[in-house]
file input32.cif (mmCIF, C-alpha atoms)
data_query
#
loop_
_atom_site.label_atom_id
_atom_site.label_comp_id
_atom_site.auth_asym_id
_atom_site.auth_seq_id
_atom_site.Cartn_x
_atom_site.Cartn_y
_atom_site.Cartn_z
CA MET L 1 44.75 155.25 102.74
CA GLU L 2 44.81 151.97 104.70
CA LYS L 3 48.48 151.49 103.77
CA GLU L 4 49.26 155.04 104.89
CA ALA L 5 47.45 154.49 108.21
CA GLY L 6 49.58 151.37 108.73
CA LYS L 7 52.73 153.41 108.14
CA ILE L 8 51.57 156.03 110.64
CA TYR L 9 50.94 153.32 113.24
CA ALA L 10 54.39 151.83 112.56
CA GLU L 11 56.00 155.28 112.88
CA GLY L 12 54.09 155.81 116.10
CA LEU L 13 55.29 152.54 117.62
CA ALA L 14 58.89 153.31 116.61
CA PHE L 15 58.56 156.78 118.16
CA PHE L 16 57.12 155.37 121.37
CA GLY L 17 59.98 152.86 121.55
CA LYS L 18 62.59 155.54 120.91
CA THR L 19 61.27 157.86 123.61
CA ASN L 20 61.22 154.93 126.06
CA ARG L 21 64.87 154.22 125.29
CA LEU L 22 65.81 157.89 125.73
CA ILE L 23 63.94 158.14 129.04
CA SER L 24 65.49 154.95 130.43
CA HIS L 25 68.95 156.17 129.34
CA GLU L 26 68.43 159.50 131.11
CA LEU L 27 67.15 157.82 134.29
CA LYS L 28 70.13 155.46 134.30
CA ASN L 29 72.46 158.47 134.03
CA ILE L 30 70.72 160.09 136.99
CA LEU L 31 70.88 156.87 139.03
CA ALA L 32 74.59 156.59 138.20
CA ILE L 33 75.23 160.13 139.50
CA ILE L 34 73.29 159.42 142.71
CA SER L 35 75.09 156.10 143.12
CA GLU L 36 78.57 157.67 142.66
CA THR L 37 77.71 160.59 144.96
CA MET L 38 76.43 158.26 147.68
CA GLY L 39 79.45 155.98 147.23
CA LEU L 40 81.88 158.89 147.50
CA LEU L 41 80.02 160.32 150.49
CA ASP L 42 80.22 156.97 152.27
CA GLU L 43 83.96 156.68 151.56
CA LEU L 44 84.70 160.24 152.69
CA VAL L 45 82.78 159.69 155.93
CA GLU L 46 84.77 156.51 156.51
CA LEU L 47 88.05 158.38 155.89
CA SER L 48 86.97 161.21 158.18
CA GLU L 49 86.51 158.64 160.95
CA SER L 50 90.21 157.89 160.63
CA GLY L 51 91.19 161.55 160.75
CA MET L 52 90.78 162.97 157.22
CA GLU L 53 89.12 166.38 157.15
CA LEU L 54 85.55 166.44 155.79
CA THR L 55 84.11 169.94 155.68
CA PRO L 56 80.39 170.77 156.08
CA ALA L 57 80.62 172.59 152.71
CA ARG L 58 81.68 169.36 150.99
CA LEU L 59 78.85 167.44 152.62
CA ARG L 60 76.38 170.17 151.67
CA SER L 61 77.55 170.20 148.06
CA MET L 62 77.02 166.43 147.73
CA SER L 63 73.66 166.50 149.43
CA ASP L 64 72.56 169.41 147.15
CA SER L 65 73.63 167.45 144.14
CA ILE L 66 71.52 164.45 145.17
CA VAL L 67 68.50 166.77 145.57
CA GLU L 68 69.18 168.23 142.08
CA GLU L 69 69.32 164.78 140.52
CA VAL L 70 66.08 163.72 142.22
CA GLU L 71 64.44 166.87 140.79
CA ARG L 72 65.91 166.07 137.37
CA ALA L 73 64.52 162.52 137.55
CA ASN L 74 61.15 163.87 138.61
CA ALA L 75 61.08 166.21 135.58
CA VAL L 76 61.89 163.28 133.26
CA ILE L 77 59.14 161.16 134.79
CA ARG L 78 56.66 164.06 134.52
CA CYS L 79 57.60 164.38 130.85
CA MET L 80 57.17 160.60 130.38
CA ASN L 81 53.76 160.74 132.01
CA THR L 82 52.57 163.68 129.87
CA PHE L 83 53.84 161.92 126.76
CA ALA L 84 52.11 158.66 127.74
CA HIS L 85 48.80 160.57 127.94
CA SER L 86 49.21 161.73 124.32
CA VAL L 87 47.66 158.42 123.20
CA ASP L 88 44.61 158.66 125.49
CA GLU L 89 42.48 160.17 122.73
CA TRP L 90 43.40 159.94 119.08
CA VAL L 91 42.17 163.49 118.37
CA ARG L 92 41.33 166.25 120.84
CA ASP L 93 41.90 169.91 121.72
CA ILE L 94 45.51 170.53 122.67
CA ASP L 95 47.59 173.50 123.72
CA LEU L 96 50.16 173.80 120.93
CA GLY L 97 52.68 175.55 123.19
CA ALA L 98 52.54 172.67 125.68
CA ALA L 99 52.94 170.16 122.82
CA ILE L 100 56.03 172.03 121.55
CA SER L 101 57.53 172.19 125.06
CA LEU L 102 57.01 168.45 125.48
CA ALA L 103 58.61 167.66 122.10
CA ILE L 104 61.59 169.86 123.04
CA GLN L 105 61.94 168.04 126.38
CA LEU L 106 61.85 164.69 124.57
CA VAL L 107 64.40 165.67 121.93
CA ARG L 108 66.70 167.10 124.65
CA LEU L 109 66.93 163.62 126.15
CA ASP L 110 69.01 162.53 123.17
CA PRO L 111 72.70 163.08 124.07
CA PHE L 112 73.46 164.38 120.55
CA SER L 113 71.06 167.31 121.09
CA LYS L 114 73.07 168.69 124.02
CA ALA L 115 75.62 170.24 121.65
CA VAL L 116 72.96 172.70 120.36
CA LYS L 117 70.64 175.02 122.31
CA ILE L 118 66.94 175.17 121.56
CA GLU L 119 64.71 177.99 122.80
CA PHE L 120 60.97 178.39 122.58
CA SER L 121 59.27 181.69 123.24
CA GLU L 122 55.61 181.11 123.98
CA ASN L 123 53.44 184.21 123.87
CA ASP L 124 49.73 183.49 123.65
CA SER L 125 47.95 180.21 124.18
CA HIS L 126 47.02 178.49 120.91
CA VAL L 127 44.56 175.62 121.18
CA ILE L 128 44.08 173.37 118.17
CA PHE L 129 42.05 170.23 117.52
CA THR L 130 44.37 167.53 116.23
CA SER L 131 46.00 164.17 116.95
CA PRO L 132 48.31 164.84 119.94
CA PHE L 133 50.41 161.74 119.41
CA ILE L 134 51.04 162.26 115.68
CA LEU L 135 51.73 165.95 116.33
CA GLU L 136 54.30 165.05 119.04
CA ASN L 137 55.92 162.61 116.60
CA LEU L 138 56.03 165.29 113.87
CA LEU L 139 57.43 167.95 116.21
CA TYR L 140 60.01 165.60 117.71
CA HIS L 141 61.40 164.61 114.30
CA THR L 142 61.34 168.20 113.04
CA PHE L 143 63.25 169.48 116.09
CA HIS L 144 65.63 166.53 115.87
CA TYR L 145 66.33 167.45 112.26
CA ALA L 146 66.74 171.16 113.08
CA LEU L 147 69.22 170.39 115.89
CA SER L 148 71.28 168.17 113.62
CA ALA L 149 71.30 170.86 110.88
CA ALA L 150 71.87 173.92 113.12
CA ASP L 151 74.05 176.75 111.82
CA HIS L 152 77.32 177.93 113.43
CA ASP L 153 75.49 179.74 116.28
CA LYS L 154 74.23 176.33 117.48
CA LEU L 155 70.93 177.84 118.56
CA ILE L 156 67.54 176.72 117.26
CA SER L 157 64.64 179.07 118.01
CA VAL L 158 61.00 178.04 117.92
CA ALA L 159 58.14 180.55 117.82
CA LEU L 160 54.37 180.39 117.37
CA LEU L 161 52.48 182.82 115.16
CA ALA L 162 48.78 183.10 114.40
CA VAL L 163 48.19 183.09 110.63
CA ASP L 164 45.01 183.35 108.53
CA ASP L 165 44.51 179.64 108.04
CA GLY L 166 45.77 178.36 111.38
CA ILE L 167 48.84 178.50 113.63
CA GLU L 168 52.37 178.64 112.30
CA ILE L 169 55.40 177.13 114.03
CA GLU L 170 58.56 178.92 112.91
CA ILE L 171 61.87 177.14 113.45
CA SER L 172 64.99 179.23 112.81
CA GLY L 173 68.75 178.77 113.14
CA ILE L 174 69.14 176.05 110.50
CA ALA L 175 72.26 176.17 108.33
CA PRO L 176 71.59 177.29 104.71
CA GLY L 177 72.59 173.91 103.34
CA GLY L 178 70.65 172.09 106.01
CA PHE L 179 67.39 171.72 104.14
CA GLU L 180 68.49 169.18 101.54
CA SER L 181 66.78 166.22 103.14
CA PHE L 182 63.93 168.11 104.80
CA PRO L 183 61.15 167.19 105.06
CA SER L 184 62.07 163.53 105.10
CA ARG L 185 59.49 160.98 103.90
CA GLN L 186 58.73 160.24 107.55
CA VAL L 187 58.11 163.92 108.42
CA ALA L 188 56.07 164.42 105.22
CA LEU L 189 53.88 161.42 106.13
CA LEU L 190 53.27 162.70 109.67
CA ALA L 191 52.61 166.24 108.40
CA LYS L 192 50.03 164.91 105.95
CA ALA L 193 48.32 162.94 108.72
CA VAL L 194 47.75 166.09 110.80
CA GLY L 195 47.07 168.31 107.77
CA ALA L 196 50.25 170.36 108.36
CA GLU L 197 51.90 172.32 105.59
CA ILE L 198 55.68 172.53 105.69
CA SER L 199 57.71 175.17 103.88
CA SER L 200 61.34 176.27 104.08
CA ASP L 201 63.14 179.59 103.63
CA THR L 202 66.64 178.37 102.91
CA SER L 203 68.34 181.78 102.82
CA ALA L 204 66.85 182.77 106.21
CA GLY L 205 67.59 179.35 107.74
CA LYS L 206 63.94 178.90 108.68
CA CYS L 207 61.23 176.33 108.25
CA HIS L 208 57.53 176.78 108.89
CA ILE L 209 54.83 174.32 109.84
CA VAL L 210 51.28 175.57 109.47
CA LEU L 211 48.65 173.64 111.40
CA ALA L 212 44.91 174.06 110.95
CA LYS L 213 43.00 175.06 114.08
CA LYS L 214 40.70 172.10 113.54
CA LEU L 215 41.91 168.95 111.86
CA THR L 216 39.50 167.51 109.33
CA GLY L 217 40.37 164.53 107.14
CA GLY L 218 43.87 163.09 107.66
CA ALA L 219 44.28 161.42 111.04
CA ALA L 220 40.82 162.55 112.15
CA GLU L 221 39.15 160.31 109.59
CA ALA L 222 41.75 157.79 108.49
CA LEU L 223 42.40 156.35 111.90
CA PRO L 224 40.21 155.17 114.74
CA VAL L 225 38.84 157.92 116.97
CA ASN L 226 40.11 156.18 120.08
CA LEU L 227 42.76 153.49 120.42
CA MET S 1 99.11 153.20 135.49
CA LYS S 2 96.93 156.03 134.20
CA LEU S 3 93.21 156.01 133.53
CA LEU S 4 91.16 158.45 131.48
CA LEU S 5 87.42 158.60 132.18
CA VAL S 6 85.18 160.30 129.59
CA ASP S 7 81.48 161.00 130.15
CA ASP S 8 79.36 164.09 129.47
CA GLU S 9 77.82 163.86 132.96
CA GLU S 10 80.37 165.89 134.94
CA LYS S 11 79.13 164.97 138.42
CA PHE S 12 79.23 161.30 137.52
CA VAL S 13 82.68 161.28 135.94
CA SER S 14 84.37 163.56 138.50
CA ARG S 15 83.08 161.53 141.47
CA LEU S 16 83.97 158.25 139.82
CA ALA S 17 87.52 159.58 139.25
CA GLU S 18 87.76 160.64 142.90
CA ARG S 19 86.60 157.22 144.10
CA LEU S 20 89.12 155.49 141.84
CA ALA S 21 91.84 157.82 143.15
CA LEU S 22 90.92 156.75 146.70
CA ARG S 23 91.65 153.19 145.52
CA GLY S 24 95.09 154.16 144.26
CA PHE S 25 94.35 154.75 140.56
CA ASP S 26 95.74 157.78 138.74
CA ALA S 27 92.42 158.81 137.15
CA ALA S 28 91.91 161.88 134.96
CA TRP S 29 88.51 162.80 133.52
CA ALA S 30 86.94 164.72 130.63
CA THR S 31 83.36 165.62 129.71
CA THR S 32 83.79 166.14 125.95
CA ALA S 33 85.51 164.28 123.13
CA ASP S 34 87.70 167.33 122.38
CA GLU S 35 88.83 167.57 125.98
CA ALA S 36 89.59 163.83 126.02
CA LEU S 37 91.60 164.05 122.80
CA ALA S 38 93.60 166.99 124.20
CA LYS S 39 94.43 164.97 127.33
CA VAL S 40 95.43 161.92 125.29
CA GLY S 41 97.62 164.16 123.11
CA ALA S 42 99.38 165.55 126.18
CA GLU S 43 99.82 162.39 128.30
CA LYS S 44 100.02 158.65 127.85
CA TYR S 45 97.12 156.68 129.33
CA ASP S 46 96.90 152.93 129.80
CA ILE S 47 93.11 152.63 129.88
CA ALA S 48 90.29 154.82 128.59
CA VAL S 49 86.84 154.39 130.10
CA LEU S 50 84.39 155.91 127.63
CA ASP S 51 80.69 156.73 127.62
CA VAL S 52 79.07 155.23 124.51
CA LYS S 53 76.72 158.18 123.84
CA MET S 54 78.09 161.70 123.95
CA PRO S 55 76.93 164.97 122.35
CA SER S 56 79.53 165.68 119.68
CA MET S 57 81.13 162.30 118.99
CA SER S 58 80.08 158.73 119.75
CA GLY S 59 82.18 156.73 122.20
CA ILE S 60 83.11 154.32 119.39
CA ASP S 61 84.38 157.16 117.15
CA LEU S 62 86.29 158.62 120.11
CA LYS S 63 87.80 155.20 120.80
CA ASN S 64 89.09 155.03 117.20
CA ARG S 65 90.62 158.54 117.48
CA ILE S 66 92.29 157.74 120.81
CA ALA S 67 93.62 154.42 119.48
CA GLN S 68 95.37 156.31 116.64
CA ILE S 69 97.06 158.64 119.15
CA THR S 70 97.89 155.98 121.76
CA PRO S 71 98.30 152.55 120.15
CA GLY S 72 97.92 149.76 122.67
CA ILE S 73 95.62 151.67 125.03
CA LYS S 74 92.82 149.48 126.44
CA PHE S 75 89.16 150.51 126.29
CA ILE S 76 86.20 149.98 128.59
CA PHE S 77 82.78 151.32 127.63
CA ILE S 78 80.15 152.67 129.99
CA THR S 79 76.57 152.85 128.79
CA GLY S 80 73.18 153.83 130.13
CA HIS S 81 71.55 151.65 127.47
CA GLY S 82 70.53 148.33 128.90
CA SER S 83 69.55 146.46 125.74
CA GLU S 84 71.39 143.26 124.88
CA GLN S 85 71.94 144.45 121.29
CA ASP S 86 73.61 147.70 122.39
CA TYR S 87 75.68 145.78 124.92
CA ASP S 88 76.92 143.28 122.31
CA THR S 89 77.72 146.04 119.80
CA VAL S 90 79.92 148.04 122.18
CA CYS S 91 81.50 144.95 123.75
CA ARG S 92 82.95 144.06 120.35
CA GLU S 93 84.79 147.40 120.41
CA ALA S 94 86.33 147.15 123.88
CA VAL S 95 87.72 144.89 126.59
CA CYS S 96 84.38 145.15 128.34
CA CYS S 97 81.23 147.20 128.66
CA ILE S 98 79.60 148.12 131.95
CA ILE S 99 76.02 149.34 132.32
CA LYS S 100 75.12 152.35 134.51
CA PRO S 101 74.57 152.43 137.41
CA PHE S 102 77.24 149.99 138.58
CA LYS S 103 79.15 149.14 141.73
CA ILE S 104 82.67 150.58 141.68
CA GLU S 105 84.07 147.17 142.63
CA ALA S 106 82.74 145.83 139.30
CA LEU S 107 84.58 148.57 137.38
CA VAL S 108 87.79 148.01 139.37
CA GLU S 109 87.63 144.31 138.51
CA ILE S 110 87.22 145.12 134.81
CA ILE S 111 90.12 147.60 134.93
CA GLU S 112 92.35 144.95 136.50
CA GLN S 113 91.24 142.41 133.87
CA ALA S 114 91.99 144.93 131.11
CA LEU S 115 95.50 145.48 132.47
CA ASN S 116 96.17 141.76 132.41
CA THR S 117 95.00 141.12 128.82
#

call {"tool": "encode", "arguments": {"input": "input32.cif", "output": "structure tokens"}}
result
Amino acid sequence: MEKEAGKIYAEGLAFFGKTNRLISHELKNILAIISETMGLLDELVELSESGMELTPARLRSMSDSIVEEVERANAVIRCMNTFAHSVDEWVRDIDLGAAISLAIQLVRLDPFSKAVKIEFSENDSHVIFTSPFILENLLYHTFHYALSAADHDKLISVALLAVDDGIEIEISGIAPGGFESFPSRQVALLAKAVGAEISSDTSAGKCHIVLAKKLTGGAAEALPVNL
Amino acid sequence: MKLLLVDDEEKFVSRLAERLALRGFDAAWATTADEALAKVGAEKYDIAVLDVKMPSMSGIDLKNRIAQITPGIKFIFITGHGSEQDYDTVCREAVCCIIKPFKIEALVEIIEQALNT
């Protein structure tokens, strides 16, 4: 159990590092857009001073685009902040829908993921008692896998369903041959830590993760209550 | 002298191309690897400025595909990753690598260096 806990910590650190890299990459992209827009604006103004036409519509379009990028950066920073709070308490009550939305936002930061759409339809609120950080790690890697194994429609759908023994996350849109390496050892380890059961329906292109409403054993007992 | 700029951030790549055009460069741009390959198939470029990380194909894979179509073309990589390891890896594949955000004068200098190597 001690060895397993060590592996979970190591996975957690790697996950934290990866998300930091993705966030810094996204922010640098945003800064680059703002920098090029400002640079172009400056040059166009200079040219207009020597007689070149610069329309209000062009100015407006560039100023709108700077506002959009500031909003995009703000959304990334909000996501980073929410994610950073996932280590505040090792286990606690969490809104599963919010956890899924955060994991989707994190996975969308990876440039590879932009080739596939991912949609999440949240109906009711489902609160579970679990380890928010390990759950985020599990969801991130599951969505990452699903996006890389998406079928020809290039659309991954995520839904939440209440089942007898907990809450089920259904992920659909995976190619029939896409389950060969799922769950990976990493995903299986994280699933075990939060007491999640993973199953796949290859012909329907779906996988299911069932989470207990209250985690007992696993991460709740094997790891410190608070870091 | 023709430049091809490839980056999945359209606003970034289109504005960079416009700024380079204001400096006298003939700069075309693309936001996907497929679009870039189509442009390279249709016209001869002297330099390709490629984003390292793109959705459907990595910048390094795209570089290898472009090099097959246009032997002798020079490559410059653009990356949002600031780590030394990433920088060294991509620098081995190109004339130079430049980290976002950058001053356009720095890119112009690298383009001129690339043309003289």

call {"tool": "resolve_selection", "arguments": {"input": "input32.cif", "expression": "the PyMOL selection byres ((chain S and resi 95) around 8)", "output": "list of chain:residue names"}}
result
S:Lys74, S:Phe75, S:Ile76, S:Cys91, S:Arg92, S:Glu93, S:Ala94, S:Cys96, S:Cys97, S:Ala114

call {"tool": "atom_distance", "arguments": {"input": "input32.cif", "atom1": "atom CA of Ile118 of chain L", "atom2": "atom CA of His152 of chain L"}}
result
13.5 Å

call {"tool": "interface_residues", "arguments": {"input": "input32.cif", "of": "chain S", "to": "chain L", "cutoff": "6 Å", "atoms": "all atoms listed in the file", "output": "list of chain:residue names"}}
result
S:Phe12, S:Met54, S:Pro55, S:Gly80, S:His81, S:Lys100, S:Pro101

call {"tool": "atom_distance", "arguments": {"input": "input32.cif", "atom1": "atom CA of Ile47 of chain S", "atom2": "atom CA of Val90 of chain S"}}
result
15.9 Å

call {"tool": "atom_distance", "arguments": {"input": "input32.cif", "atom1": "atom CA of Phe77 of chain S", "atom2": "atom CA of Ala75 of chain L"}}
result
27.5 Å

call {"tool": "residues_near_point", "arguments": {"input": "input32.cif", "point": "(84.3, 161.0, 119.5)", "cutoff": "10 Å", "atoms": "only C-alpha atoms", "output": "JSON, numbers by chain"}}
result
{"S": [32, 33, 34, 36, 37, 50, 51, 52, 53, 54, 55, 56, 57, 58, 59, 60, 61, 62, 63, 64, 65, 66]}

call {"tool": "resolve_selection", "arguments": {"input": "input32.cif", "expression": "the PyMOL selection byres ((chain L and resi 170-178) around 12)", "output": "PyMOL selection string"}}
result
chain L and resi 100+116-122+139+142-163+167-169+179-183+197-211

call {"tool": "residues_around", "arguments": {"input": "input32.cif", "residues": "Phe83 of chain L", "least_positions_apart": "5", "cutoff": "9 Å", "atoms": "all atoms listed in the file", "output": "JSON, numbers by chain"}}
result
{"L": [78, 102, 103, 106, 133, 136]}

call {"tool": "closest_residue", "arguments": {"input": "input32.cif", "among": "L:Ala73, L:Leu96, L:Leu59, L:Ala196", "to": "Ile128 of chain L", "atoms": "all atoms listed in the file"}}
result
L:Leu96

call {"tool": "closest_residue", "arguments": {"input": "input32.cif", "among": "S:Ile104, S:Ile73, S:Ile98, S:Ile110", "to": "Leu22 of chain S", "atoms": "only C-alpha atoms"}}
result
S:Ile104

call {"tool": "resolve_selection", "arguments": {"input": "input32.cif", "expression": "the PyMOL selection byres ((chain L and resi 190) around 9)", "output": "PyMOL selection string"}}
result
chain L and resi 8+11+134-135+137-138+185-189+191-196

call {"tool": "axis_aligned_box", "arguments": {"input": "input32.cif", "around": "segment 50-63 of chain S", "padding_each_side": "5 Å", "output": "JSON"}}
result
{"center_x": 82.3, "center_y": 160.0, "center_z": 122.4, "size_x": 21.1, "size_y": 21.4, "size_z": 20.5}

call {"tool": "closest_residue", "arguments": {"input": "input32.cif", "among": "S:Leu3, S:Ala38, S:Ile69, S:Val13", "to": "Ile111 of chain S", "atoms": "only C-alpha atoms"}}
result
S:Leu3
